[in-house]
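Undergrad: Supplied in structure tokens, the structure appears directly below.
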Amino acid sequence: MPTLDYVARPYNVSPFQFSMLPNILAYATGITSDFSINSDSRCTHIHPKPSLKKRLLCLAGIFGLIGTIIQPENATTYFKTESPIAKAGLLANIGPNGVDSSGAKSGIVIASPNTNDPNYLNTWVRDSSLVFKVIVDRVTSGRDPDLFGQIVNFTAAEAELQQTTNPSGTVFTGGLGEPKFDIDGTAFTGSWGRPQRDGPALRSTTWIAYANWLLRLGNHTIVADVLWPVIKLDLDYVATWWNQTTFDLWEEVRSSSFFTSAVQHRALREGAALAAQLGQTTSADTYTTQATNVLCFLQSYWNPTGGYITANTGGGRSGKDSNTILASIHTWDIDAGCDAATFQPCSDKALSNLKVYVDSFRSLYPINQGINASFAVAVGRYPEDTYTGKPQPSFGNPWYLSTFAVAEQLYDAVLTWESVGFIDVTDVSLDFFRQFAPNIRIGRYYNLRLTKEFEFWDIIRAVKQFADGFIEIAAKYTPSDGSLAEQFDRQTGAPTSARDLTWSYASALTAGDSFSGVKPVSWGAKGLVVPSTCTPFPGPIASVTFDVQAFTRFGENIYLTGSVDGLEIWSANDALLLSPEYYPIWTITLDLPASTYIEYKYIRKIDGRVQWEADPNNKFTTPENGSITLHDEWR
């Protein structure tokens, strides 16, 4: 496995120039005796084997043509300058004192100060939790102790949001699945993709990291009296509703979603451990049971034929999605090694998935055109994306956070390999490794002074350089002031969509941490066993009878649809037919999620024509258990 397999191309070198480097190096060092490039080169068809002097004289001319390879901006340089800018940009978007957070309550994270095309001046539970996980990790590791007050503010703000009644319900009737709020802490009441069930999982993970640190410091009372009640609310929600559909993290597809399932699994595992520490044995048992169920379900996202993780169970897309890369880095546990069941960053499935995902963008964006098939490219959310931040759909762009995430997964993989002392190449991950070493074989490569020591470190160098390439892509398209928008243009690389995206800054920081060798605290992924049989968990249900008085013509029928899966999520095509047995009362009895806020309407259908009941929507909350009958009249 020659080292020349592992040369990384700096972003400012043309693909043609760089493509000749292995031949140049082989020729210069005498590995090969002939060397040829096109007629524009000063070294064409040189043979037989020339002297060292002649080789060097020849190559001097070549280096005149490819001088841009000297002194590229690399990942080290980028992180040295960008990390403090990213930290400042992140803090600028946290109320009340962040310079871009005017109007935000204390502890509230604004997604972006952008207010037009798109308007991101709201706070998302998901984004806020990911941002504050960065802050919590920096405080608890001793790297940024001055940010402790931010954690206190965040905890108070999110505890209030938990109790804020919103369109998804109350704290006990589904309201914890509400994705976003206004920055003054009040409910956002506009139309949106609801529910989004990753928020409570991510928020509880952030709080649990804080709680574990406090326990290590002996602050048991604060954890038991202040943190545990709010953590338990989120974990109970996750344990109850993980098997119900959700909007994905891009807020577009309602189905089951890999990112959501993965972070729910993590939250339940570490929640069970915290509950046990606090003597909450019933909660610990519940969370452990449901975590095992989620882990079993998590395996169903793997597509063995395509060699990638299918991001969503619905949506009609390929399933190749940054969702899966983000899930891997946000559930990284170095103690778990390269475990495939939890899709650890260095697992064969996660590596295969990364290659398939990255390759799906190689020919998609004009700024990627001409880049060698084994080098880094700009990546976005998913290849079918049409969102640009503007009102009208167009062709999607690369995203900073997605590009950072690929590098971060690779850095995480390297750190894990260095920790465990070996690299496994399997039939699943073989294509990933052959990007760097075309002749590599399936097997285990040890970090030992044996025959394969050379291969181990060459693989490490190759993967690091591949990861660095994604940072160099981000660096190339980062403005000179270091600001990070949501996206960069597929044609020009110019920043576009929402400016100063807080999540972009957070992703730059976490990628930089992994690049620097920062390792996370274990969350309990080591040694987990996937059950041989998955146990479905529909959650608590209530029996609901819908009665509506409606007079109809011959051939006309009454249907029902509404805001939850059991009511077909506002689908006129799939609406449920009511029975006319007690005409003019039309009726249907359904099992629906208990303690859930639901909106619904009736529909008339005849000869292919559809008539919806007049506004407003009918509304009710299902009981905690038992049954309920609703009596309506057609409007």
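Residue names in the structure tokens use chain letters A, B, ... in the order shown, residue numbers from 1 in each chain, and ligand numbers from 1 in the order shown.
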Any chance you could list, as JSON, numbers by chain, the residues in range 72-136 of chain A that come up strand (DSSP E or B) when DSSP is run on the backbone?
TA: {"A": [94, 109, 115, 119, 123, 124]}
Undergrad: Write out as a list in words which residues come within 8 Å of Arg499 in chain A when counting only C-alpha atoms, dropping same-chain ones fewer than 2 positions away.
TA: Ser112, Pro113, Asn114, Ser483, Leu484, Ala485, Glu486, Pro495, Thr496, Ser497 and Leu501 of chain A
Undergrad: Find the nearest atom pair between each residue of range 204-293 of chain A and range 330-347 of chain A for residues within 12 Å, count only C-alpha atoms, give distances in Å to one decimal, sort rows by chain and ascending number, and present the table as a Markdown table.
TA:
| residue | atom | partner | partner_atom | distance |
| --- | --- | --- | --- | --- |
| A:Thr205 | CA | A:His330 | CA | 10.2 |
| A:Thr206 | CA | A:His330 | CA | 11.2 |
| A:Phe258 | CA | A:Phe343 | CA | 10.7 |
| A:Phe259 | CA | A:His330 | CA | 9.0 |
| A:Thr260 | CA | A:His330 | CA | 10.9 |
| A:Ser261 | CA | A:Thr342 | CA | 10.7 |
| A:Ala262 | CA | A:Thr331 | CA | 7.1 |
| A:Val263 | CA | A:Thr331 | CA | 6.6 |
| A:Gln264 | CA | A:Thr331 | CA | 9.9 |
| A:His265 | CA | A:Thr331 | CA | 9.0 |
| A:Arg266 | CA | A:Thr331 | CA | 6.6 |
| A:Ala267 | CA | A:Thr331 | CA | 9.5 |
| A:Arg269 | CA | A:Thr331 | CA | 11.1 |
| A:Glu270 | CA | A:Thr331 | CA | 11.2 |
| A:Ala291 | CA | A:Thr342 | CA | 11.6 |
| A:Thr292 | CA | A:Thr342 | CA | 11.3 |
Undergrad: Include N, CA, C and O atoms and write out the residues we just selected as a short mmCIF file (atom, residue, chain, number, x, y, z; two decimals), in the first residue's frame.
TA:
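Below is the file again02.cif, written as the result:
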data_model
loop_
_atom_site.label_atom_id
_atom_site.label_comp_id
_atom_site.auth_asym_id
_atom_site.auth_seq_id
_atom_site.Cartn_x
_atom_site.Cartn_y
_atom_site.Cartn_z
N THR A 205 -30.57 15.40 26.63
CA THR A 205 -29.14 15.04 26.56
C THR A 205 -28.26 16.19 27.03
O THR A 205 -27.28 15.99 27.75
N THR A 206 -28.60 17.40 26.63
CA THR A 206 -27.84 18.57 27.07
C THR A 206 -27.95 18.75 28.58
O THR A 206 -26.94 18.98 29.28
N PHE A 258 -34.33 8.74 10.97
CA PHE A 258 -33.15 8.14 11.59
C PHE A 258 -32.54 9.05 12.65
O PHE A 258 -32.20 8.60 13.75
N PHE A 259 -32.34 10.32 12.33
CA PHE A 259 -31.74 11.24 13.29
C PHE A 259 -32.55 11.26 14.57
O PHE A 259 -32.00 11.18 15.67
N THR A 260 -33.86 11.37 14.45
CA THR A 260 -34.73 11.41 15.63
C THR A 260 -34.61 10.13 16.44
O THR A 260 -34.44 10.17 17.66
N SER A 261 -34.68 8.98 15.78
CA SER A 261 -34.58 7.71 16.50
C SER A 261 -33.23 7.57 17.19
O SER A 261 -33.15 7.09 18.33
N ALA A 262 -32.16 7.98 16.51
CA ALA A 262 -30.82 7.82 17.09
C ALA A 262 -30.64 8.68 18.34
O ALA A 262 -30.11 8.22 19.36
N VAL A 263 -31.08 9.94 18.28
CA VAL A 263 -30.91 10.80 19.46
C VAL A 263 -31.88 10.43 20.57
O VAL A 263 -31.59 10.63 21.76
N GLN A 264 -33.04 9.86 20.21
CA GLN A 264 -33.96 9.37 21.23
C GLN A 264 -33.34 8.19 21.97
O GLN A 264 -33.44 8.08 23.20
N HIS A 265 -32.68 7.30 21.22
CA HIS A 265 -32.03 6.15 21.85
C HIS A 265 -30.97 6.62 22.83
O HIS A 265 -30.91 6.14 23.97
N ARG A 266 -30.14 7.55 22.40
CA ARG A 266 -29.10 8.07 23.30
C ARG A 266 -29.72 8.69 24.55
O ARG A 266 -29.27 8.42 25.67
N ALA A 267 -30.73 9.52 24.37
CA ALA A 267 -31.34 10.20 25.51
C ALA A 267 -31.88 9.21 26.53
O ALA A 267 -31.72 9.38 27.74
N ARG A 269 -30.93 6.07 27.01
CA ARG A 269 -29.84 5.34 27.67
C ARG A 269 -29.22 6.17 28.79
O ARG A 269 -29.06 5.69 29.93
N GLU A 270 -28.83 7.40 28.47
CA GLU A 270 -28.18 8.19 29.51
C GLU A 270 -29.19 8.68 30.55
O GLU A 270 -28.84 8.90 31.71
N ALA A 291 -35.40 2.17 25.43
CA ALA A 291 -34.15 2.33 24.70
C ALA A 291 -33.82 1.07 23.92
O ALA A 291 -33.37 1.13 22.76
N THR A 292 -34.05 -0.07 24.52
CA THR A 292 -33.81 -1.34 23.82
C THR A 292 -34.73 -1.47 22.62
O THR A 292 -34.31 -1.94 21.54
#
Undergrad: Do you have the CA of Trp503 in chain A-CA of Ala327 in chain A distance handy?
TA: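 These atoms are spaced 14.6 Å apart.
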Undergrad: Contacts of Ser106 in chain A at 8 Å or less, counting only C-alpha atoms, minus same-chain residues fewer than 4 places along, as an mmCIF file with N, CA and C atoms, in the first residue's frame?
TA:
data_model
loop_
_atom_site.group_PDB
_atom_site.id
_atom_site.type_symbol
_atom_site.label_atom_id
_atom_site.label_comp_id
_atom_site.auth_asym_id
_atom_site.auth_seq_id
_atom_site.Cartn_x
_atom_site.Cartn_y
_atom_site.Cartn_z
ATOM 1 N N ILE A 94 -27.589 34.549 21.380
ATOM 2 C CA ILE A 94 -28.227 34.087 22.622
ATOM 3 C C ILE A 94 -28.668 35.294 23.438
ATOM 4 N N GLY A 95 -29.964 35.312 23.805
ATOM 5 C CA GLY A 95 -30.494 36.418 24.572
ATOM 6 C C GLY A 95 -30.114 36.346 26.041
ATOM 7 N N PRO A 96 -30.182 37.473 26.725
ATOM 8 C CA PRO A 96 -30.640 38.775 26.224
ATOM 9 C C PRO A 96 -29.512 39.679 25.742
ATOM 10 N N ASN A 97 -28.248 39.260 25.928
ATOM 11 C CA ASN A 97 -27.136 40.181 25.725
ATOM 12 C C ASN A 97 -26.349 39.942 24.447
ATOM 13 N N ASN A 153 -29.115 30.217 32.444
ATOM 14 C CA ASN A 153 -30.160 30.944 31.717
ATOM 15 C C ASN A 153 -30.921 30.023 30.768
ATOM 16 N N PHE A 154 -30.204 29.165 30.069
ATOM 17 C CA PHE A 154 -30.824 28.214 29.143
ATOM 18 C C PHE A 154 -31.790 27.287 29.879
ATOM 19 N N ALA A 157 -34.945 29.145 30.766
ATOM 20 C CA ALA A 157 -35.750 29.469 29.581
ATOM 21 C C ALA A 157 -36.462 28.238 29.040
#
Undergrad: Between A:Arg490, A:Ala572, A:Ser595, A:Glu251, single out the one closest to Val610 in chain A, counting only C-alpha atoms.
TA: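 Checking each candidate against Val610 in chain A, we get A:Ala572 as the closest.
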Undergrad: Using only C-alpha atoms, find each residue of range 138-165 of chain A with at least one atom at most 12 Å away from an atom of range 196-200 of chain A; report its shortest atom-to-atom pair and that distance in Å (one decimal), sort the rows by chain and rising residue number, and return the result as CSV.
TA:
residue,atom,partner,partner_atom,distance
A:Glu158,CA,A:Pro200,CA,10.3
A:Ala159,CA,A:Pro200,CA,11.4
A:Leu161,CA,A:Pro200,CA,11.2
A:Gln162,CA,A:Pro200,CA,9.3
Undergrad: Go ahead and write the residues just picked, all heavy atoms, as a short mmCIF file (atom, residue, chain, number, x, y, z; two decimals), in the first residue's frame.
TA:
data_model
loop_
_atom_site.label_atom_id
_atom_site.label_comp_id
_atom_site.auth_asym_id
_atom_site.auth_seq_id
_atom_site.Cartn_x
_atom_site.Cartn_y
_atom_site.Cartn_z
N GLU A 158 -35.73 27.13 28.93
CA GLU A 158 -36.33 25.92 28.37
C GLU A 158 -37.36 25.31 29.31
O GLU A 158 -38.36 24.73 28.86
CB GLU A 158 -35.25 24.90 28.03
CG GLU A 158 -34.32 25.32 26.90
CD GLU A 158 -35.04 25.47 25.56
OE1 GLU A 158 -35.90 24.64 25.25
OE2 GLU A 158 -34.72 26.42 24.83
N ALA A 159 -37.16 25.44 30.61
CA ALA A 159 -38.16 24.96 31.57
C ALA A 159 -39.47 25.72 31.40
O ALA A 159 -40.56 25.14 31.51
CB ALA A 159 -37.63 25.10 32.99
N LEU A 161 -40.43 27.12 28.51
CA LEU A 161 -41.00 26.69 27.23
C LEU A 161 -41.72 25.35 27.38
O LEU A 161 -42.74 25.12 26.72
CB LEU A 161 -39.90 26.58 26.17
CG LEU A 161 -39.25 27.88 25.70
CD1 LEU A 161 -38.24 27.60 24.59
CD2 LEU A 161 -40.29 28.90 25.24
N GLN A 162 -41.21 24.47 28.20
CA GLN A 162 -41.89 23.20 28.43
C GLN A 162 -43.33 23.42 28.90
O GLN A 162 -44.23 22.67 28.52
CB GLN A 162 -41.15 22.37 29.49
CG GLN A 162 -39.89 21.68 29.02
CD GLN A 162 -39.29 20.84 30.12
OE1 GLN A 162 -39.34 21.19 31.30
NE2 GLN A 162 -38.70 19.71 29.76
#
Undergrad: What's the separation between CA of Thr115 in chain A and CA of Ala498 in chain A, in Å to one decimal place?
TA: 8.4 Å
Undergrad: For range 90-93 of chain A, please output as a PDB file with all heavy atoms, in the first residue's frame all residues within 6 Å (counting only C-alpha atoms; exclusion window: fewer than 2 positions along the same chain).
TA:
ATOM      1  N   LYS A  87     -17.322  30.977  17.861  1.00  0.00           N
ATOM      2  CA  LYS A  87     -17.784  31.108  19.248  1.00  0.00           C
ATOM      3  C   LYS A  87     -18.484  32.447  19.446  1.00  0.00           C
ATOM      4  O   LYS A  87     -19.567  32.523  20.048  1.00  0.00           O
ATOM      5  CB  LYS A  87     -16.606  30.972  20.206  1.00  0.00           C
ATOM      6  CG  LYS A  87     -16.970  31.181  21.666  1.00  0.00           C
ATOM      7  CD  LYS A  87     -15.742  31.129  22.560  1.00  0.00           C
ATOM      8  CE  LYS A  87     -16.065  31.583  23.977  1.00  0.00           C
ATOM      9  NZ  LYS A  87     -14.862  31.594  24.846  1.00  0.00           N
ATOM     10  N   ALA A  88     -17.887  33.517  18.935  1.00  0.00           N
ATOM     11  CA  ALA A  88     -18.495  34.845  19.066  1.00  0.00           C
ATOM     12  C   ALA A  88     -19.822  34.909  18.322  1.00  0.00           C
ATOM     13  O   ALA A  88     -20.800  35.498  18.818  1.00  0.00           O
ATOM     14  CB  ALA A  88     -17.539  35.904  18.534  1.00  0.00           C
ATOM     15  N   GLY A  98     -26.687  38.907  23.684  1.00  0.00           N
ATOM     16  CA  GLY A  98     -25.997  38.688  22.423  1.00  0.00           C
ATOM     17  C   GLY A  98     -26.231  39.853  21.480  1.00  0.00           C
ATOM     18  O   GLY A  98     -27.347  40.383  21.399  1.00  0.00           O
ATOM     19  N   VAL A  99     -25.201  40.241  20.745  1.00  0.00           N
ATOM     20  CA  VAL A  99     -25.308  41.463  19.945  1.00  0.00           C
ATOM     21  C   VAL A  99     -26.341  41.345  18.829  1.00  0.00           C
ATOM     22  O   VAL A  99     -26.829  42.370  18.321  1.00  0.00           O
ATOM     23  CB  VAL A  99     -23.930  41.847  19.359  1.00  0.00           C
ATOM     24  CG1 VAL A  99     -22.958  42.192  20.455  1.00  0.00           C
ATOM     25  CG2 VAL A  99     -23.374  40.731  18.471  1.00  0.00           C
ATOM     26  N   ASP A 100     -26.688  40.134  18.433  1.00  0.00           N
ATOM     27  CA  ASP A 100     -27.699  39.949  17.385  1.00  0.00           C
ATOM     28  C   ASP A 100     -29.007  39.377  17.931  1.00  0.00           C
ATOM     29  O   ASP A 100     -29.845  38.904  17.157  1.00  0.00           O
ATOM     30  CB  ASP A 100     -27.177  39.023  16.292  1.00  0.00           C
ATOM     31  CG  ASP A 100     -26.164  39.703  15.386  1.00  0.00           C
ATOM     32  OD1 ASP A 100     -26.310  40.918  15.169  1.00  0.00           O
ATOM     33  OD2 ASP A 100     -25.239  39.021  14.911  1.00  0.00           O
ATOM     34  N   SER A 101     -29.180  39.409  19.263  1.00  0.00           N
ATOM     35  CA  SER A 101     -30.336  38.732  19.866  1.00  0.00           C
ATOM     36  C   SER A 101     -31.366  39.700  20.426  1.00  0.00           C
ATOM     37  O   SER A 101     -32.112  39.338  21.338  1.00  0.00           O
ATOM     38  CB  SER A 101     -29.859  37.805  20.990  1.00  0.00           C
ATOM     39  OG  SER A 101     -29.354  38.567  22.079  1.00  0.00           O
ATOM     40  N   VAL A 109     -32.090  30.978  22.381  1.00  0.00           N
ATOM     41  CA  VAL A 109     -31.191  30.958  21.232  1.00  0.00           C
ATOM     42  C   VAL A 109     -32.005  31.286  19.984  1.00  0.00           C
ATOM     43  O   VAL A 109     -32.968  30.577  19.669  1.00  0.00           O
ATOM     44  CB  VAL A 109     -30.537  29.580  21.056  1.00  0.00           C
ATOM     45  CG1 VAL A 109     -29.609  29.573  19.838  1.00  0.00           C
ATOM     46  CG2 VAL A 109     -29.767  29.181  22.307  1.00  0.00           C
ATOM     47  N   ILE A 110     -31.630  32.351  19.281  1.00  0.00           N
ATOM     48  CA  ILE A 110     -32.281  32.605  17.999  1.00  0.00           C
ATOM     49  C   ILE A 110     -31.552  31.797  16.929  1.00  0.00           C
ATOM     50  O   ILE A 110     -30.332  31.642  16.969  1.00  0.00           O
ATOM     51  CB  ILE A 110     -32.312  34.102  17.647  1.00  0.00           C
ATOM     52  CG1 ILE A 110     -30.909  34.661  17.414  1.00  0.00           C
ATOM     53  CG2 ILE A 110     -33.021  34.897  18.719  1.00  0.00           C
ATOM     54  CD1 ILE A 110     -30.903  36.053  16.827  1.00  0.00           C
ATOM     55  N   THR A 502     -26.835  30.098  13.769  1.00  0.00           N
ATOM     56  CA  THR A 502     -26.230  29.634  15.018  1.00  0.00           C
ATOM     57  C   THR A 502     -25.765  28.190  14.907  1.00  0.00           C
ATOM     58  O   THR A 502     -24.705  27.824  15.429  1.00  0.00           O
ATOM     59  CB  THR A 502     -27.236  29.775  16.176  1.00  0.00           C
ATOM     60  OG1 THR A 502     -27.958  31.000  16.042  1.00  0.00           O
ATOM     61  CG2 THR A 502     -26.513  29.771  17.513  1.00  0.00           C
ATOM     62  N   TYR A 505     -22.402  27.922  13.222  1.00  0.00           N
ATOM     63  CA  TYR A 505     -21.301  28.228  14.134  1.00  0.00           C
ATOM     64  C   TYR A 505     -21.039  27.062  15.085  1.00  0.00           C
ATOM     65  O   TYR A 505     -19.884  26.698  15.350  1.00  0.00           O
ATOM     66  CB  TYR A 505     -21.611  29.492  14.927  1.00  0.00           C
ATOM     67  CG  TYR A 505     -21.554  30.763  14.116  1.00  0.00           C
ATOM     68  CD1 TYR A 505     -22.624  31.663  14.113  1.00  0.00           C
ATOM     69  CD2 TYR A 505     -20.433  31.075  13.354  1.00  0.00           C
ATOM     70  CE1 TYR A 505     -22.568  32.838  13.370  1.00  0.00           C
ATOM     71  CE2 TYR A 505     -20.375  32.246  12.606  1.00  0.00           C
ATOM     72  CZ  TYR A 505     -21.439  33.117  12.620  1.00  0.00           C
ATOM     73  OH  TYR A 505     -21.378  34.278  11.883  1.00  0.00           O
TER      74      TYR A 505
END
Undergrad: I'd like the contact shell of range 367-382 of chain A - 9 Å cut-off, only C-alpha atoms, skipping same-chain residues fewer than 5 positions apart - returned as a ChimeraX atom specification.
TA: /A:8-9,11,14-16,18-19,250,317-323,357-362,396-403,406,434-436,466-474,487,489-493
Undergrad: Could you check the closest approach to Tyr120 in chain A for each of A:Gly389, A:Leu351, A:Arg461, A:Ser532 and tell me which residue wins, using only C-alpha atoms?
TA: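 Among A:Gly389, A:Leu351, A:Arg461, A:Ser532, it is A:Gly389 that comes nearest to Tyr120 in chain A.
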Undergrad: Select, from A:Ser257, A:Val420, A:Ile460, A:Pro538, the residue with the minimum atom-to-atom distance to Ala239 in chain A, counting only C-alpha atoms.
TA: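 For Ala239 in chain A, the nearest of the candidates is A:Pro538.
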Undergrad: Please return, as JSON, numbers by chain, all residues of range 230-386 of chain A that DSSP assigns to helix (DSSP H, G or I) on the basis of the backbone.
TA: {"A": [230, 231, 232, 233, 234, 235, 236, 237, 238, 239, 240, 241, 258, 259, 260, 261, 262, 263, 264, 265, 266, 267, 268, 269, 270, 271, 272, 273, 274, 275, 276, 277, 281, 282, 283, 284, 285, 286, 287, 288, 289, 290, 291, 292, 293, 294, 295, 296, 297, 298, 299, 300, 301, 322, 323, 324, 325, 326, 327, 328, 329, 330, 334, 335, 336, 348, 349, 350, 351, 352, 353, 354, 355, 356, 357, 358, 359, 366, 367, 368]}
Undergrad: Give me the residues within 10 Å of Asn618 in chain A as a ChimeraX atom specification, counting only C-alpha atoms and dropping any in the same chain fewer than 3 places off.
TA: /A:562,598-602,613-615,632
Undergrad: Would you list the contacts of Lys80 in chain A as a ChimeraX atom specification, taking every protein, DNA or RNA residue within 12 Å and counting only C-alpha atoms, but skipping same-chain residues closer than 2 positions in sequence?
TA: /A:73-78,82-87,475,482,508-509,512-513,515-516
Undergrad: Compare A:Ser363, A:Ser579, A:Thr140, A:Asn212 by their minimum atom-to-atom distance to Pro383 in chain A, counting only C-alpha atoms, and give me the closest one.
TA: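 Checking each candidate against Pro383 in chain A, we get A:Ser363 as the closest.
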